[in-house]
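*Asks:* If you scroll down you'll find the structure; I have some questions about it.
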Amino acid sequence: MQYRTPTLTQAGFWLMTRLLCWLVMGALGCIVISIVIVALHGEQTGLALLQAFIKQDYHYVKHTAENISILNDGLQAIPSTWSLPNMSVPMLSQNLQEKICASIAPLVNGALLGAKLLILRLYLILRWSPLFLLLGFVGLIDGLAQRAIRRASAGRESALIYHSAKPLIMLTLILGVFVDLVLPISIQYAEWLFVIAALLFGLSIQITTKRFKKYL
């Protein structure tokens, strides 16, 4: 069975679906990492560490962005602490219920703070997405131009380079999106990851489109 090179529409759909999957995984990873920080460092130290991250990232975004009303609305929609619901389980004693709630409450509070941190990271991704789109578009146009030159000059056909460069597109997005969501680092340093990932993203698209088959 002969392998057919996917069209640009199929390649774009492949890219968007996998990017969405990595965004969901990164969002879950951000909340899980926040819970792990609270579990490892304890309630007071872990929650204080997460609050320091949120405060530092918020002040950085506030001084570098003009309109953050949407960000403020998202942060205010999520409570910082979890209040114990008024409910009782007949099969468990009151003392046991209090112990269970006392052990779960720090983890829930860590998840809430992780959700706040996630909103800040998603805002940063939205802020840097035009750079990815711009460099990706430049890489696409340059790659198609190089492909047209190769077709006109009867250049050498090499599917190996195409199949080797295609996974790099997703790897660069993982570097800029998934790693930023999961790693508990400041936004100030995460922006450098976005710049590097955007450059590699445009380069990988340029190499991939340049090595499309001459005749589809």
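Labels for the structure tokens follow display order: chains A, B, ..., residues from 1 in each chain, ligands from 1.
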Taking 5 positions as the minimum chain separation for residues in the same chain, which residues sit within 10 Å of Pro79 in chain A when counting only C-alpha atoms? Answer as a PyMOL selection string.
*Replies:* chain A and resi 109+112-113+115-116
*Asks:* Report the closest atom pair, with its distance in Å rounded to one decimal, for each residue of range 24-120 of chain A that has an atom no farther than 6 Å from range 179-192 of chain A; count only C-alpha atoms, sort by chain and then rising residue number, and write it as CSV.
*Replies:*
```
residue,atom,partner,partner_atom,distance
A:Gly26,CA,A:Leu181,CA,5.4
A:Gly29,CA,A:Val182,CA,5.4
A:Cys30,CA,A:Val182,CA,4.6
A:Asp57,CA,A:Ile187,CA,5.7
```
*Asks:* Excluding range 31-48 of chain A and its own-chain neighbours fewer than 2 positions away, which residues fall within 7 Å of it when counting only C-alpha atoms? Please give them as a PDB file with C-alpha atoms, in the first residue's frame.
*Replies:*
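Saved to out_3.pdb:
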```
ATOM      1  CA  ALA A  27      -3.867  22.104  32.526  1.00  0.00           C
ATOM      2  CA  LEU A  28      -4.357  18.916  34.512  1.00  0.00           C
ATOM      3  CA  GLY A  29      -0.605  18.737  35.118  1.00  0.00           C
ATOM      4  CA  LEU A  50       1.786  28.764  45.537  1.00  0.00           C
ATOM      5  CA  GLN A  51       0.456  32.127  46.676  1.00  0.00           C
ATOM      6  CA  ALA A  52       3.906  33.633  46.161  1.00  0.00           C
ATOM      7  CA  PRO A 106      -5.115  21.462  52.067  1.00  0.00           C
ATOM      8  CA  LEU A 107      -5.100  19.451  48.838  1.00  0.00           C
ATOM      9  CA  GLY A 110      -3.762  23.629  46.584  1.00  0.00           C
ATOM     10  CA  ALA A 111      -5.900  22.658  43.586  1.00  0.00           C
ATOM     11  CA  GLY A 114      -3.255  25.734  40.995  1.00  0.00           C
ATOM     12  CA  ALA A 115      -6.336  26.758  39.005  1.00  0.00           C
ATOM     13  CA  VAL A 182       3.467  22.203  34.252  1.00  0.00           C
TER      14      VAL A 182
END
```
*Asks:* Tell me which protein, DNA and RNA residues are within 6 Å of range 127-143 of chain A, counting only C-alpha atoms, leaving out same-chain ones fewer than 2 positions away, and put them as a PyMOL selection string.
*Replies:* chain A and resi 124-125+145-146+198+202+205-206+209-210
*Asks:* Save out the residues we just selected, C-alpha atoms, as a compact mmCIF listing (two decimals), in the first residue's frame.
*Replies:*
```txt
# COMPACT_ATOMS: atom_id res chain seq x y z
CA LEU A 124 0.50 34.10 28.91
CA ILE A 125 -0.06 31.47 26.18
CA ALA A 145 8.51 28.74 -1.85
CA GLN A 146 11.47 26.41 -1.39
CA ALA A 198 8.31 29.98 18.62
CA GLY A 202 8.66 28.31 12.59
CA ILE A 205 7.27 24.14 9.75
CA GLN A 206 9.64 25.57 7.16
CA THR A 209 6.68 22.15 4.11
CA LYS A 210 9.89 22.46 2.11
```
*Asks:* For range 170-172 of chain A, list every protein, DNA or RNA residue within 8 Å, evaluated using only C-alpha atoms, and leave out those in the same chain fewer than 4 positions away; present the list as a list of chain:residue names.
*Replies:*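 Those residues are A:Leu15, A:Arg18, A:Leu19, A:Lys166, A:Gly176, A:Ala197, A:Ala198, A:Leu200, A:Phe201.
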*Asks:* Using the selection just defined, write its residues with C-alpha atoms as a JSON list (two decimals), in the first residue's frame.
*Replies:*
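To be explicit, this is the file written out as again_3.json:
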```json
[["chain", "number", "residue", "atom", "x", "y", "z"],
["A", 15, "LEU", "CA", -1.59, 19.86, 14.59],
["A", 18, "ARG", "CA", -2.74, 17.33, 19.28],
["A", 19, "LEU", "CA", -2.22, 20.85, 20.55],
["A", 166, "LYS", "CA", 7.26, 16.58, 11.16],
["A", 176, "GLY", "CA", 6.27, 26.27, 24.73],
["A", 197, "ALA", "CA", 9.78, 27.51, 21.14],
["A", 198, "ALA", "CA", 8.31, 29.98, 18.62],
["A", 200, "LEU", "CA", 11.89, 26.38, 16.62],
["A", 201, "PHE", "CA", 8.22, 26.10, 15.65]]
```
*Asks:* Have a look at CA of Ala165 in chain A and CA of Thr208 in chain A and let me know their distance in Å, one decimal.
*Replies:*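 Separating CA of Ala165 in chain A from CA of Thr208 in chain A is a distance of 5.6 Å.
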*Asks:* When you look at Leu75 in chain A with a cut-off of 12 Å (counting only C-alpha atoms), what residues show up, excluding the ones that are within fewer than 5 positions of it in the same chain? I need them as an MDAnalysis selection string.
*Replies:* chainID A and resid 54:55 58 68:70 80 112:123
*Asks:* Write out as a compact mmCIF listing (two decimals) with N, CA and C atoms, in the first residue's frame the set of residues from range 28-108 of chain A that DSSP, computed on the backbone, places in helix (DSSP H, G or I).
*Replies:*
```txt
# COMPACT_ATOMS: atom_id res chain seq x y z
N LEU A 28 -4.26 19.89 33.42
CA LEU A 28 -4.36 18.92 34.51
C LEU A 28 -3.03 18.78 35.25
N GLY A 29 -1.92 18.84 34.50
CA GLY A 29 -0.61 18.74 35.12
C GLY A 29 -0.32 19.91 36.03
N CYS A 30 -0.77 21.11 35.67
CA CYS A 30 -0.55 22.29 36.52
C CYS A 30 -1.26 22.13 37.86
N ILE A 31 -2.49 21.63 37.83
CA ILE A 31 -3.24 21.43 39.08
C ILE A 31 -2.63 20.30 39.90
N VAL A 32 -2.22 19.22 39.21
CA VAL A 32 -1.62 18.09 39.94
C VAL A 32 -0.31 18.50 40.59
N ILE A 33 0.52 19.27 39.89
CA ILE A 33 1.78 19.74 40.46
C ILE A 33 1.54 20.62 41.68
N SER A 34 0.50 21.43 41.63
CA SER A 34 0.16 22.28 42.79
C SER A 34 -0.22 21.43 43.99
N ILE A 35 -1.00 20.38 43.75
CA ILE A 35 -1.38 19.48 44.83
C ILE A 35 -0.15 18.77 45.39
N VAL A 36 0.76 18.36 44.52
CA VAL A 36 1.98 17.68 44.95
C VAL A 36 2.84 18.61 45.79
N ILE A 37 2.92 19.89 45.41
CA ILE A 37 3.70 20.86 46.19
C ILE A 37 3.15 20.99 47.61
N VAL A 38 1.83 21.04 47.73
CA VAL A 38 1.22 21.12 49.06
C VAL A 38 1.47 19.83 49.84
N ALA A 39 1.38 18.68 49.17
CA ALA A 39 1.58 17.41 49.85
C ALA A 39 3.03 17.24 50.31
N LEU A 40 3.98 17.74 49.54
CA LEU A 40 5.39 17.57 49.89
C LEU A 40 5.86 18.57 50.93
N HIS A 41 5.45 19.83 50.78
CA HIS A 41 5.94 20.89 51.66
C HIS A 41 5.05 21.14 52.87
N GLU A 43 0.98 21.98 54.51
CA GLU A 43 -0.11 22.91 54.20
C GLU A 43 0.37 24.36 54.19
N GLN A 44 1.00 24.81 55.24
CA GLN A 44 1.37 26.21 55.34
C GLN A 44 2.44 26.59 54.32
N THR A 45 3.51 25.80 54.25
CA THR A 45 4.61 26.12 53.33
C THR A 45 4.18 25.97 51.89
N GLY A 46 3.45 24.90 51.58
CA GLY A 46 3.03 24.65 50.20
C GLY A 46 2.07 25.71 49.70
N LEU A 47 1.06 26.05 50.49
CA LEU A 47 0.11 27.09 50.08
C LEU A 47 0.78 28.45 49.99
N ALA A 48 1.69 28.73 50.90
CA ALA A 48 2.42 30.01 50.83
C ALA A 48 3.28 30.09 49.58
N LEU A 49 3.88 28.96 49.20
CA LEU A 49 4.70 28.94 47.99
C LEU A 49 3.85 29.18 46.75
N LEU A 50 2.68 28.56 46.68
CA LEU A 50 1.79 28.76 45.54
C LEU A 50 1.26 30.19 45.49
N GLN A 51 0.92 30.74 46.63
CA GLN A 51 0.46 32.13 46.68
C GLN A 51 1.55 33.10 46.25
N ALA A 52 2.79 32.78 46.60
CA ALA A 52 3.91 33.63 46.16
C ALA A 52 4.08 33.58 44.65
N PHE A 53 3.91 32.40 44.06
CA PHE A 53 3.99 32.26 42.61
C PHE A 53 2.89 33.09 41.94
N ILE A 54 1.67 32.98 42.46
CA ILE A 54 0.55 33.70 41.88
C ILE A 54 0.75 35.21 41.99
N LYS A 55 1.18 35.66 43.16
CA LYS A 55 1.40 37.10 43.37
C LYS A 55 2.50 37.63 42.46
N GLN A 56 3.58 36.87 42.33
CA GLN A 56 4.69 37.31 41.50
C GLN A 56 4.30 37.35 40.03
N ASP A 57 3.59 36.32 39.57
CA ASP A 57 3.17 36.29 38.17
C ASP A 57 2.14 37.37 37.86
N TYR A 58 1.23 37.60 38.81
CA TYR A 58 0.20 38.62 38.58
C TYR A 58 0.81 40.01 38.49
N HIS A 59 1.75 40.33 39.36
CA HIS A 59 2.40 41.65 39.31
C HIS A 59 3.20 41.82 38.02
N TYR A 60 3.81 40.74 37.55
CA TYR A 60 4.57 40.84 36.31
C TYR A 60 3.64 41.09 35.12
N VAL A 61 2.52 40.35 35.07
CA VAL A 61 1.56 40.54 33.99
C VAL A 61 0.94 41.93 34.08
N LYS A 62 0.66 42.40 35.29
CA LYS A 62 0.02 43.69 35.47
C LYS A 62 0.90 44.83 34.97
N HIS A 63 2.20 44.70 35.12
CA HIS A 63 3.11 45.77 34.69
C HIS A 63 3.51 45.65 33.22
N THR A 64 3.21 44.53 32.58
CA THR A 64 3.60 44.34 31.18
C THR A 64 2.41 44.31 30.23
N SER A 69 -8.53 42.95 32.47
CA SER A 69 -9.84 42.81 33.11
C SER A 69 -10.35 41.38 33.03
N ILE A 70 -10.11 40.72 31.89
CA ILE A 70 -10.54 39.33 31.75
C ILE A 70 -9.77 38.44 32.72
N LEU A 71 -8.49 38.73 32.87
CA LEU A 71 -7.67 37.96 33.81
C LEU A 71 -8.17 38.15 35.24
N ASN A 72 -8.51 39.38 35.60
CA ASN A 72 -9.01 39.63 36.94
C ASN A 72 -10.33 38.92 37.20
N ASP A 73 -11.20 38.91 36.20
CA ASP A 73 -12.48 38.22 36.35
C ASP A 73 -12.28 36.72 36.55
N GLY A 74 -11.33 36.16 35.81
CA GLY A 74 -11.07 34.73 35.95
C GLY A 74 -10.48 34.38 37.30
N LEU A 75 -9.58 35.22 37.80
CA LEU A 75 -8.98 34.96 39.11
C LEU A 75 -9.99 35.13 40.25
N GLN A 76 -10.88 36.12 40.12
CA GLN A 76 -11.87 36.33 41.16
C GLN A 76 -12.95 35.27 41.16
N ALA A 77 -13.16 34.60 40.04
CA ALA A 77 -14.19 33.57 39.97
C ALA A 77 -13.81 32.31 40.74
N GLN A 94 -18.23 11.49 63.75
CA GLN A 94 -17.95 12.91 63.55
C GLN A 94 -16.46 13.19 63.62
N ASN A 95 -15.76 12.51 64.53
CA ASN A 95 -14.32 12.70 64.66
C ASN A 95 -13.59 12.24 63.40
N LEU A 96 -14.01 11.11 62.85
CA LEU A 96 -13.36 10.61 61.62
C LEU A 96 -13.64 11.52 60.44
N GLN A 97 -14.86 12.04 60.37
CA GLN A 97 -15.19 12.96 59.29
C GLN A 97 -14.35 14.23 59.36
N GLU A 98 -14.12 14.73 60.55
CA GLU A 98 -13.30 15.92 60.71
C GLU A 98 -11.85 15.65 60.30
N LYS A 99 -11.34 14.48 60.63
CA LYS A 99 -9.97 14.14 60.23
C LYS A 99 -9.84 14.02 58.72
N ILE A 100 -10.85 13.41 58.08
CA ILE A 100 -10.82 13.27 56.63
C ILE A 100 -10.87 14.64 55.95
N CYS A 101 -11.77 15.49 56.43
CA CYS A 101 -11.87 16.83 55.85
C CYS A 101 -10.61 17.65 56.10
N ALA A 102 -10.00 17.46 57.28
CA ALA A 102 -8.77 18.20 57.58
C ALA A 102 -7.61 17.76 56.70
N SER A 103 -7.61 16.50 56.28
CA SER A 103 -6.55 16.02 55.41
C SER A 103 -6.80 16.36 53.94
N ILE A 104 -8.07 16.49 53.57
CA ILE A 104 -8.41 16.79 52.18
C ILE A 104 -8.37 18.29 51.90
N ALA A 105 -8.71 19.10 52.89
CA ALA A 105 -8.81 20.55 52.69
C ALA A 105 -7.54 21.18 52.13
N PRO A 106 -6.32 20.86 52.66
CA PRO A 106 -5.11 21.46 52.07
C PRO A 106 -4.92 21.10 50.59
N LEU A 107 -5.25 19.86 50.23
CA LEU A 107 -5.10 19.45 48.84
C LEU A 107 -6.09 20.18 47.94
N VAL A 108 -7.32 20.36 48.44
CA VAL A 108 -8.32 21.11 47.65
C VAL A 108 -7.90 22.57 47.51
```
*Asks:* What is the CA of Val195 in chain A-CA of Pro167 in chain A distance in Å, reported with one decimal?
*Replies:*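 The value is 19.2 Å.
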